[in-house]
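Just below is one structure, and these are the notes that go with it.
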Amino acid sequence: MAVTKDQVLDELKRVKGPDRDGDIVSLGLVSDIVINGDKVIFSIQVDPDKASDLEPLREAAEKVVREIPGVTQALVALTADRPTGQAAPEPAPAQGAPHQNVPLPGIDKIIAVASGKGGVGKSTTAINLALGLKALGLNVGVLDADIYGPSMPRLLGITDRPQAADERRLAPMVGYGLEVMSIGFLVEEDTPMIWRGPMVMSALTQMMQDVAWGELDVLVVDMPPGTGDAQLTMAQQVPLSGAVIVSTPQDLALIDARKGIGMFRKVNVPILGIVENMSHFLCPHCGERSDIFGHGGARAEAERLGVPFLGEVPLTMAIREKSDAGAPVVVSEPDSPHAKIYTEIAAAVWGGVSGGRSDKRAAPRIVVE
(Lines give C-alpha, C1' and ligand atoms only; values in the text may rest on other atoms or scores of the structure.)
Protein backbone atom coordinates (compact mmCIF):
# COMPACT_ATOMS: atom_id res chain seq x y z
CA MET A 1 0.00 0.00 0.00
CA ALA A 2 1.31 3.43 -0.93
CA VAL A 3 2.40 5.78 1.83
CA THR A 4 0.07 8.78 2.24
CA LYS A 5 0.57 12.29 3.61
CA ASP A 6 -1.99 11.52 6.33
CA GLN A 7 0.18 8.63 7.53
CA VAL A 8 3.21 10.88 7.64
CA LEU A 9 1.35 13.58 9.55
CA ASP A 10 -0.04 11.05 12.05
CA GLU A 11 3.46 9.81 12.85
CA LEU A 12 4.86 13.33 13.09
CA LYS A 13 2.32 14.11 15.80
CA ARG A 14 4.61 12.03 18.04
CA VAL A 15 7.36 14.64 17.71
CA LYS A 16 7.26 17.45 20.27
CA GLY A 17 7.71 21.05 19.15
CA PRO A 18 10.86 23.11 19.76
CA ASP A 19 9.67 24.22 23.21
CA ARG A 20 8.20 20.81 24.11
CA ASP A 21 4.77 22.44 23.96
CA GLY A 22 2.54 20.53 21.59
CA ASP A 23 3.64 18.53 18.56
CA ILE A 24 5.09 19.81 15.32
CA VAL A 25 1.91 19.03 13.36
CA SER A 26 -0.57 20.76 15.67
CA LEU A 27 1.82 23.73 15.86
CA GLY A 28 1.66 24.03 12.09
CA LEU A 29 5.41 23.55 11.59
CA VAL A 30 5.27 20.78 8.96
CA SER A 31 5.02 21.73 5.31
CA ASP A 32 6.02 20.75 1.80
CA ILE A 33 5.55 16.99 2.13
CA VAL A 34 6.68 15.21 -1.03
CA ILE A 35 6.16 11.43 -1.34
CA ASN A 36 7.89 9.53 -4.10
CA GLY A 37 7.30 5.81 -3.75
CA ASP A 38 9.16 4.72 -0.61
CA LYS A 39 10.81 8.12 -0.07
CA VAL A 40 9.39 10.99 1.96
CA ILE A 41 10.69 14.58 1.86
CA PHE A 42 9.36 17.43 3.99
CA SER A 43 10.34 20.52 5.95
CA ILE A 44 9.88 21.75 9.53
CA GLN A 45 9.61 25.49 10.10
CA VAL A 46 11.57 26.73 13.11
CA ASP A 47 12.75 29.98 14.65
CA PRO A 48 15.88 31.04 12.70
CA ASP A 49 17.61 31.99 15.96
CA LYS A 50 17.20 28.43 17.23
CA ALA A 51 17.72 26.49 14.01
CA SER A 52 21.28 25.45 14.82
CA ASP A 53 20.13 23.86 18.10
CA LEU A 54 17.24 21.86 16.67
CA GLU A 55 19.06 19.06 14.88
CA PRO A 56 17.69 16.54 17.45
CA LEU A 57 14.15 17.59 16.48
CA ARG A 58 14.94 17.02 12.80
CA GLU A 59 16.44 13.62 13.59
CA ALA A 60 13.39 12.63 15.65
CA ALA A 61 11.05 13.55 12.80
CA GLU A 62 13.18 11.63 10.33
CA LYS A 63 13.19 8.58 12.61
CA VAL A 64 9.41 8.35 13.09
CA VAL A 65 8.79 8.71 9.36
CA ARG A 66 11.34 6.01 8.51
CA GLU A 67 9.43 3.68 10.85
CA ILE A 68 6.31 3.89 8.66
CA PRO A 69 5.85 0.59 6.78
CA GLY A 70 6.83 1.10 3.17
CA VAL A 71 9.18 4.04 3.83
CA THR A 72 12.86 3.36 3.26
CA GLN A 73 14.21 6.91 3.17
CA ALA A 74 13.28 10.27 4.66
CA LEU A 75 14.81 13.66 3.87
CA VAL A 76 13.87 16.28 6.45
CA ALA A 77 14.87 19.93 6.25
CA LEU A 78 14.67 22.68 8.87
CA THR A 79 13.21 25.83 7.33
CA ALA A 80 14.17 28.96 9.24
CA ASP A 81 12.02 31.70 7.76
CA ARG A 82 12.53 35.33 8.71
CA PRO A 83 9.71 37.81 9.14
CA THR A 84 8.49 39.44 5.95
CA GLY A 85 10.73 42.29 4.92
CA GLN A 86 13.66 41.18 7.06
CA ALA A 87 16.59 40.35 4.85
CA ALA A 88 19.09 37.65 5.61
CA PRO A 89 22.21 39.15 7.13
CA GLU A 90 25.02 39.43 4.63
CA PRO A 91 27.81 37.07 5.60
CA ALA A 92 31.10 38.74 6.40
CA PRO A 93 34.01 37.97 4.09
CA ALA A 94 36.14 35.12 5.29
CA GLN A 95 39.44 36.06 6.84
CA GLY A 96 42.65 34.13 6.45
CA ALA A 97 42.58 30.62 5.12
CA PRO A 98 39.52 29.71 3.07
CA HIS A 99 36.72 27.89 4.49
CA GLN A 100 36.32 27.71 8.06
CA ASN A 101 33.52 25.30 7.46
CA VAL A 102 32.92 21.60 8.07
CA PRO A 103 35.07 19.31 5.88
CA LEU A 104 33.37 16.29 4.33
CA PRO A 105 35.08 13.12 5.60
CA GLY A 106 36.99 11.26 2.91
CA ILE A 107 36.79 14.06 0.33
CA ASP A 108 40.07 15.77 -0.51
CA LYS A 109 39.02 18.58 -2.87
CA ILE A 110 35.65 20.20 -3.64
CA ILE A 111 35.24 22.15 -6.87
CA ALA A 112 32.21 24.30 -7.62
CA VAL A 113 31.03 24.70 -11.20
CA ALA A 114 28.97 27.87 -11.31
CA SER A 115 27.44 30.48 -13.58
CA GLY A 116 25.96 33.88 -13.01
CA LYS A 117 22.81 32.87 -14.88
CA GLY A 118 21.05 29.78 -16.18
CA GLY A 119 21.06 28.50 -19.74
CA VAL A 120 24.81 28.66 -20.37
CA GLY A 121 25.48 24.91 -20.23
CA LYS A 122 26.82 24.77 -16.68
CA SER A 123 25.54 21.27 -15.89
CA THR A 124 26.81 19.80 -19.16
CA THR A 125 30.18 21.36 -18.44
CA ALA A 126 30.14 20.06 -14.87
CA ILE A 127 29.50 16.43 -15.81
CA ASN A 128 32.04 16.39 -18.63
CA LEU A 129 34.58 18.07 -16.32
CA ALA A 130 33.92 15.37 -13.71
CA LEU A 131 34.38 12.64 -16.31
CA GLY A 132 37.55 14.35 -17.50
CA LEU A 133 38.89 14.27 -13.94
CA LYS A 134 37.90 10.61 -13.74
CA ALA A 135 39.93 9.96 -16.90
CA LEU A 136 42.97 11.37 -15.09
CA GLY A 137 42.75 8.47 -12.65
CA LEU A 138 40.99 10.36 -9.86
CA ASN A 139 38.17 9.12 -7.67
CA VAL A 140 35.39 11.60 -8.45
CA GLY A 141 31.96 12.40 -7.08
CA VAL A 142 29.30 14.82 -8.30
CA LEU A 143 26.81 16.72 -6.16
CA ASP A 144 23.89 18.20 -8.08
CA ALA A 145 23.21 21.27 -5.94
CA ASP A 146 20.56 22.68 -8.28
CA ILE A 147 17.48 21.76 -6.26
CA TYR A 148 15.03 23.55 -8.56
CA GLY A 149 16.46 22.18 -11.81
CA PRO A 150 18.46 18.99 -11.17
CA SER A 151 20.14 17.74 -14.34
CA MET A 152 22.39 14.85 -13.29
CA PRO A 153 19.79 12.05 -13.55
CA ARG A 154 19.19 12.93 -17.21
CA LEU A 155 22.83 13.66 -18.05
CA LEU A 156 23.93 10.29 -16.65
CA GLY A 157 20.89 8.30 -17.73
CA ILE A 158 20.19 7.17 -14.15
CA THR A 159 16.56 6.26 -13.37
CA ASP A 160 17.04 4.15 -10.24
CA ARG A 161 16.61 5.47 -6.70
CA PRO A 162 19.35 5.66 -4.04
CA GLN A 163 19.33 3.08 -1.28
CA ALA A 164 20.24 3.42 2.37
CA ALA A 165 23.92 2.83 3.15
CA ASP A 166 23.21 2.67 6.88
CA GLU A 167 20.71 4.07 9.37
CA ARG A 168 21.66 7.68 8.68
CA ARG A 169 23.20 7.86 5.24
CA LEU A 170 22.23 7.26 1.63
CA ALA A 171 24.48 5.44 -0.78
CA PRO A 172 25.33 7.62 -3.77
CA MET A 173 24.26 6.55 -7.22
CA VAL A 174 27.00 5.52 -9.63
CA GLY A 175 27.25 6.53 -13.27
CA TYR A 176 30.31 5.92 -15.49
CA GLY A 177 32.44 5.43 -12.39
CA LEU A 178 31.27 8.65 -10.72
CA GLU A 179 29.56 8.74 -7.32
CA VAL A 180 26.56 11.03 -7.72
CA MET A 181 23.81 12.54 -5.57
CA SER A 182 20.91 14.71 -6.73
CA ILE A 183 17.47 15.62 -5.45
CA GLY A 184 16.40 14.42 -8.88
CA PHE A 185 17.03 10.84 -7.74
CA LEU A 186 14.44 11.25 -4.98
CA VAL A 187 11.55 12.88 -6.89
CA GLU A 188 10.01 12.44 -10.30
CA GLU A 189 11.56 14.48 -13.10
CA ASP A 190 8.48 16.68 -13.54
CA THR A 191 7.89 17.31 -9.82
CA PRO A 192 8.36 21.02 -9.04
CA MET A 193 10.43 21.75 -5.94
CA ILE A 194 8.45 24.62 -4.43
CA TRP A 195 10.83 25.20 -1.53
CA ARG A 196 12.01 28.27 0.31
CA GLY A 197 15.72 29.10 0.46
CA PRO A 198 16.36 27.76 3.98
CA MET A 199 14.82 24.41 3.08
CA VAL A 200 17.00 24.23 -0.03
CA MET A 201 20.09 24.83 2.08
CA SER A 202 19.06 22.20 4.63
CA ALA A 203 18.47 19.66 1.86
CA LEU A 204 21.85 20.44 0.31
CA THR A 205 23.56 20.05 3.67
CA GLN A 206 22.02 16.61 4.07
CA MET A 207 22.96 15.56 0.54
CA MET A 208 26.54 16.45 1.37
CA GLN A 209 26.84 15.19 4.93
CA ASP A 210 24.33 12.32 4.98
CA VAL A 211 25.66 10.54 1.90
CA ALA A 212 28.25 7.76 2.15
CA TRP A 213 30.62 9.29 -0.39
CA GLY A 214 33.58 7.11 0.43
CA GLU A 215 37.12 8.22 -0.39
CA LEU A 216 37.11 10.84 -3.15
CA ASP A 217 39.95 12.84 -4.60
CA VAL A 218 37.49 15.46 -5.77
CA LEU A 219 33.79 16.27 -5.47
CA VAL A 220 32.41 18.39 -8.32
CA VAL A 221 29.46 20.51 -7.24
CA ASP A 222 27.05 21.60 -9.95
CA MET A 223 25.97 24.85 -8.29
CA PRO A 224 22.57 26.51 -8.77
CA PRO A 225 22.71 29.35 -11.30
CA GLY A 226 22.88 32.90 -10.05
CA THR A 227 24.37 34.62 -7.00
CA GLY A 228 21.55 34.57 -4.45
CA ASP A 229 21.44 33.63 -0.80
CA ALA A 230 21.55 29.87 -1.47
CA GLN A 231 24.69 30.15 -3.58
CA LEU A 232 26.48 32.48 -1.18
CA THR A 233 25.55 30.44 1.89
CA MET A 234 26.70 27.21 0.27
CA ALA A 235 29.96 28.84 -0.80
CA GLN A 236 30.59 29.66 2.86
CA GLN A 237 29.43 26.39 4.38
CA VAL A 238 31.26 24.01 2.05
CA PRO A 239 35.09 23.94 2.09
CA LEU A 240 35.47 24.74 -1.59
CA SER A 241 38.91 24.29 -3.10
CA GLY A 242 38.02 26.51 -6.02
CA ALA A 243 35.35 27.52 -8.52
CA VAL A 244 35.01 27.13 -12.28
CA ILE A 245 32.84 29.78 -13.93
CA VAL A 246 30.90 28.88 -17.07
CA SER A 247 29.75 31.60 -19.48
CA THR A 248 28.78 32.08 -23.08
CA PRO A 249 30.68 34.75 -25.05
CA GLN A 250 28.06 37.49 -25.24
CA ASP A 251 28.09 40.56 -23.01
CA LEU A 252 24.85 39.74 -21.16
CA ALA A 253 26.20 36.38 -19.96
CA LEU A 254 29.58 37.86 -19.08
CA ILE A 255 27.96 40.51 -16.88
CA ASP A 256 26.45 37.74 -14.76
CA ALA A 257 29.64 35.67 -14.86
CA ARG A 258 31.43 38.70 -13.42
CA LYS A 259 28.95 38.70 -10.54
CA GLY A 260 29.63 35.02 -9.88
CA ILE A 261 33.36 35.64 -9.74
CA GLY A 262 32.76 38.54 -7.37
CA MET A 263 30.67 36.36 -5.08
CA PHE A 264 33.35 33.67 -4.78
CA ARG A 265 36.08 36.22 -4.26
CA LYS A 266 34.04 37.78 -1.47
CA VAL A 267 34.15 34.51 0.46
CA ASN A 268 37.78 33.77 -0.47
CA VAL A 269 37.10 30.88 -2.85
CA PRO A 270 39.88 30.70 -5.48
CA ILE A 271 38.73 31.14 -9.07
CA LEU A 272 40.16 28.23 -11.04
CA GLY A 273 39.16 29.78 -14.33
CA ILE A 274 36.48 30.59 -16.88
CA VAL A 275 35.09 28.24 -19.52
CA GLU A 276 33.60 29.81 -22.64
CA ASN A 277 30.74 27.47 -23.52
CA MET A 278 28.90 27.64 -26.86
CA SER A 279 31.98 29.51 -28.02
CA HIS A 280 31.08 28.98 -31.67
CA PHE A 281 28.80 26.78 -33.77
CA LEU A 282 30.16 24.10 -36.06
CA CYS A 283 27.75 23.08 -38.82
CA PRO A 284 27.41 19.25 -38.74
CA HIS A 285 26.98 19.18 -42.54
CA CYS A 286 29.61 21.51 -43.95
CA GLY A 287 31.83 22.13 -40.93
CA GLU A 288 31.50 25.89 -41.30
CA ARG A 289 32.05 27.87 -38.12
CA SER A 290 29.60 30.57 -36.99
CA ASP A 291 30.06 32.80 -33.95
CA ILE A 292 26.39 32.85 -32.96
CA PHE A 293 26.97 34.40 -29.54
CA GLY A 294 30.09 36.26 -30.50
CA HIS A 295 33.49 34.84 -29.69
CA GLY A 296 36.35 35.43 -27.29
CA GLY A 297 34.37 37.36 -24.72
CA ALA A 298 35.16 34.96 -21.87
CA ARG A 299 38.85 34.88 -22.73
CA ALA A 300 38.98 38.68 -22.72
CA GLU A 301 37.06 38.77 -19.42
CA ALA A 302 39.45 36.27 -17.86
CA GLU A 303 42.40 38.42 -18.86
CA ARG A 304 40.70 41.55 -17.55
CA LEU A 305 39.92 39.92 -14.19
CA GLY A 306 43.27 38.17 -13.88
CA VAL A 307 41.92 34.60 -13.76
CA PRO A 308 42.85 31.58 -15.90
CA PHE A 309 41.03 30.98 -19.16
CA LEU A 310 40.30 27.26 -19.26
CA GLY A 311 39.11 26.79 -22.82
CA GLU A 312 36.45 27.15 -25.50
CA VAL A 313 33.69 24.56 -25.89
CA PRO A 314 31.84 24.75 -29.22
CA LEU A 315 28.09 24.50 -29.69
CA THR A 316 27.70 21.16 -31.45
CA MET A 317 24.99 18.62 -32.11
CA ALA A 318 27.15 15.85 -30.65
CA ILE A 319 27.48 17.44 -27.21
CA ARG A 320 23.76 18.22 -27.05
CA GLU A 321 22.60 14.82 -28.32
CA LYS A 322 24.94 12.82 -26.09
CA SER A 323 23.95 14.88 -23.03
CA ASP A 324 20.23 14.38 -23.67
CA ALA A 325 20.84 10.65 -24.16
CA GLY A 326 22.58 10.26 -20.80
CA ALA A 327 25.94 9.49 -22.39
CA PRO A 328 28.17 12.59 -22.04
CA VAL A 329 30.60 13.09 -24.87
CA VAL A 330 33.71 12.46 -22.73
CA VAL A 331 32.68 8.81 -22.30
CA SER A 332 30.59 8.20 -25.41
CA GLU A 333 33.07 9.75 -27.87
CA PRO A 334 36.35 9.83 -25.91
CA ASP A 335 38.51 10.30 -29.01
CA SER A 336 36.48 13.20 -30.38
CA PRO A 337 37.85 16.75 -30.40
CA HIS A 338 35.00 17.78 -28.10
CA ALA A 339 36.00 15.21 -25.47
CA LYS A 340 39.60 16.36 -25.76
CA ILE A 341 38.54 19.93 -24.93
CA TYR A 342 36.85 18.78 -21.72
CA THR A 343 39.76 16.56 -20.67
CA GLU A 344 42.19 19.43 -21.20
CA ILE A 345 39.97 21.67 -19.08
CA ALA A 346 39.88 18.95 -16.40
CA ALA A 347 43.68 18.71 -16.40
CA ALA A 348 43.98 22.48 -16.00
CA VAL A 349 41.41 22.51 -13.17
CA TRP A 350 43.13 19.67 -11.34
CA GLY A 351 46.45 21.45 -11.70
CA GLY A 352 44.85 24.52 -10.16
CA VAL A 353 43.64 22.73 -7.03
CA SER A 354 46.54 20.30 -6.62
CA GLY A 355 49.41 22.70 -7.16
CA GLY A 356 50.19 21.16 -10.52
CA ARG A 357 50.57 17.63 -9.14
CA SER A 358 49.90 14.82 -11.56
CA ASP A 359 50.60 11.82 -9.39
CA LYS A 360 47.52 9.78 -10.14
CA ARG A 361 47.89 6.69 -12.26
CA ALA A 362 46.41 6.76 -15.73
CA ALA A 363 43.00 5.15 -15.68
CA PRO A 364 41.49 3.06 -18.46
CA ARG A 365 39.11 5.03 -20.62
CA ILE A 366 35.39 4.53 -20.08
CA VAL A 367 33.83 3.94 -23.47
CA VAL A 368 30.12 3.64 -24.26
CA GLU A 369 29.50 1.54 -27.35
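Within each chain, counting starts at residue 1; across the C-alpha coordinates, chains are named A, B, ... in the order shown, with ligands numbered 1 upward in that order.
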**Q.** Within 10 Å of A:Thr191 using only C-alpha atoms, minus same-chain residues under 4 positions, as a ChimeraX atom specification
**A.** /A:34,36,148,184,187
Write the residues of the preceding selection, restricted to N, CA and C atoms, as a CSV table (one decimal), in the first residue's frame.
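Below is the file part-v3.csv, written as the result:
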chain,number,residue,atom,x,y,z
A,34,VAL,N,6.6,15.8,0.3
A,34,VAL,CA,6.7,15.2,-1.0
A,34,VAL,C,6.9,13.7,-0.8
A,36,ASN,N,7.5,10.1,-2.8
A,36,ASN,CA,7.9,9.5,-4.1
A,36,ASN,C,8.2,8.1,-3.9
A,148,TYR,N,16.2,23.2,-7.7
A,148,TYR,CA,15.0,23.6,-8.6
A,148,TYR,C,15.1,23.0,-10.0
A,184,GLY,N,17.1,15.0,-7.8
A,184,GLY,CA,16.4,14.4,-8.9
A,184,GLY,C,16.3,12.9,-8.8
A,187,VAL,N,12.9,12.4,-6.4
A,187,VAL,CA,11.6,12.9,-6.9
A,187,VAL,C,11.4,12.6,-8.4
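The environment of A:Val30 within 9 Å, counting only C-alpha atoms and disregarding residues fewer than 5 places along the same chain, consists of Leu9, Leu12, Ile24, Val25, Phe42, Ser43, Ile44 and Gln45 of chain A.
Candidate residues A:Pro337, A:Gly106, A:Gly326, A:Pro308 were compared for distance to A:Met152, and the nearest is A:Gly326, using only C-alpha atoms.
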Q. For A:Leu219, which residue among A:Ile111, A:Leu27, A:Ala171, A:Val46 is the nearest when counting only C-alpha atoms?
A.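 Between A:Ile111, A:Leu27, A:Ala171, A:Val46, the residue approaching A:Leu219 most closely is A:Ile111.
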Q.
So that I can check the surroundings of A:Thr159, please list as a list of chain:residue names every protein, DNA and RNA residue that reaches within 12 Å of it, counting only C-alpha atoms and ignoring chain neighbours fewer than 3 positions away.
A.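 With the cut-off at 12 Å, the set is A:Met152, A:Pro153, A:Arg154, A:Leu155, A:Leu156, A:Pro162, A:Met173, A:Val174, A:Gly175, A:Ser182, A:Gly184, A:Phe185, A:Leu186, A:Val187, A:Glu188, A:Glu189, A:Gly326.
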Could the residues in this selection be written to a file with N, CA and C atoms, as an mmCIF file, in the first residue's frame?
data_model
loop_
_atom_site.group_PDB
_atom_site.id
_atom_site.type_symbol
_atom_site.label_atom_id
_atom_site.label_comp_id
_atom_site.auth_asym_id
_atom_site.auth_seq_id
_atom_site.Cartn_x
_atom_site.Cartn_y
_atom_site.Cartn_z
ATOM 1 N N MET A 152 21.523 16.023 -13.258
ATOM 2 C CA MET A 152 22.392 14.850 -13.289
ATOM 3 C C MET A 152 21.679 13.544 -13.623
ATOM 4 N N PRO A 153 20.439 13.306 -13.153
ATOM 5 C CA PRO A 153 19.793 12.049 -13.555
ATOM 6 C C PRO A 153 19.682 11.913 -15.063
ATOM 7 N N ARG A 154 19.310 12.984 -15.755
ATOM 8 C CA ARG A 154 19.190 12.927 -17.212
ATOM 9 C C ARG A 154 20.562 12.846 -17.880
ATOM 10 N N LEU A 155 21.505 13.635 -17.417
ATOM 11 C CA LEU A 155 22.827 13.657 -18.047
ATOM 12 C C LEU A 155 23.544 12.318 -17.931
ATOM 13 N N LEU A 156 23.266 11.581 -16.852
ATOM 14 C CA LEU A 156 23.932 10.293 -16.649
ATOM 15 C C LEU A 156 23.025 9.101 -16.979
ATOM 16 N N PRO A 162 18.293 6.014 -4.996
ATOM 17 C CA PRO A 162 19.348 5.665 -4.043
ATOM 18 C C PRO A 162 18.817 4.810 -2.907
ATOM 19 N N MET A 173 24.419 7.289 -5.974
ATOM 20 C CA MET A 173 24.256 6.551 -7.215
ATOM 21 C C MET A 173 25.604 6.534 -7.943
ATOM 22 N N VAL A 174 25.750 5.627 -8.882
ATOM 23 C CA VAL A 174 27.000 5.518 -9.627
ATOM 24 C C VAL A 174 26.696 5.556 -11.121
ATOM 25 N N GLY A 175 27.393 6.444 -11.822
ATOM 26 C CA GLY A 175 27.254 6.533 -13.270
ATOM 27 C C GLY A 175 28.607 6.744 -13.917
ATOM 28 N N SER A 182 21.764 13.637 -6.213
ATOM 29 C CA SER A 182 20.911 14.708 -6.731
ATOM 30 C C SER A 182 19.526 14.560 -6.139
ATOM 31 N N GLY A 184 17.119 15.030 -7.777
ATOM 32 C CA GLY A 184 16.400 14.419 -8.884
ATOM 33 C C GLY A 184 16.294 12.913 -8.785
ATOM 34 N N PHE A 185 17.137 12.275 -7.958
ATOM 35 C CA PHE A 185 17.027 10.837 -7.744
ATOM 36 C C PHE A 185 15.901 10.502 -6.769
ATOM 37 N N LEU A 186 15.413 11.490 -6.038
ATOM 38 C CA LEU A 186 14.436 11.253 -4.982
ATOM 39 C C LEU A 186 13.019 11.666 -5.371
ATOM 40 N N VAL A 187 12.878 12.442 -6.434
ATOM 41 C CA VAL A 187 11.553 12.875 -6.890
ATOM 42 C C VAL A 187 11.440 12.628 -8.383
ATOM 43 N N GLU A 188 10.211 12.616 -8.872
ATOM 44 C CA GLU A 188 10.012 12.442 -10.303
ATOM 45 C C GLU A 188 10.539 13.661 -11.061
ATOM 46 N N GLU A 189 10.914 13.436 -12.314
ATOM 47 C CA GLU A 189 11.564 14.484 -13.100
ATOM 48 C C GLU A 189 10.689 15.726 -13.253
ATOM 49 N N GLY A 326 21.988 10.824 -22.012
ATOM 50 C CA GLY A 326 22.582 10.264 -20.797
ATOM 51 C C GLY A 326 23.924 9.620 -21.030
#
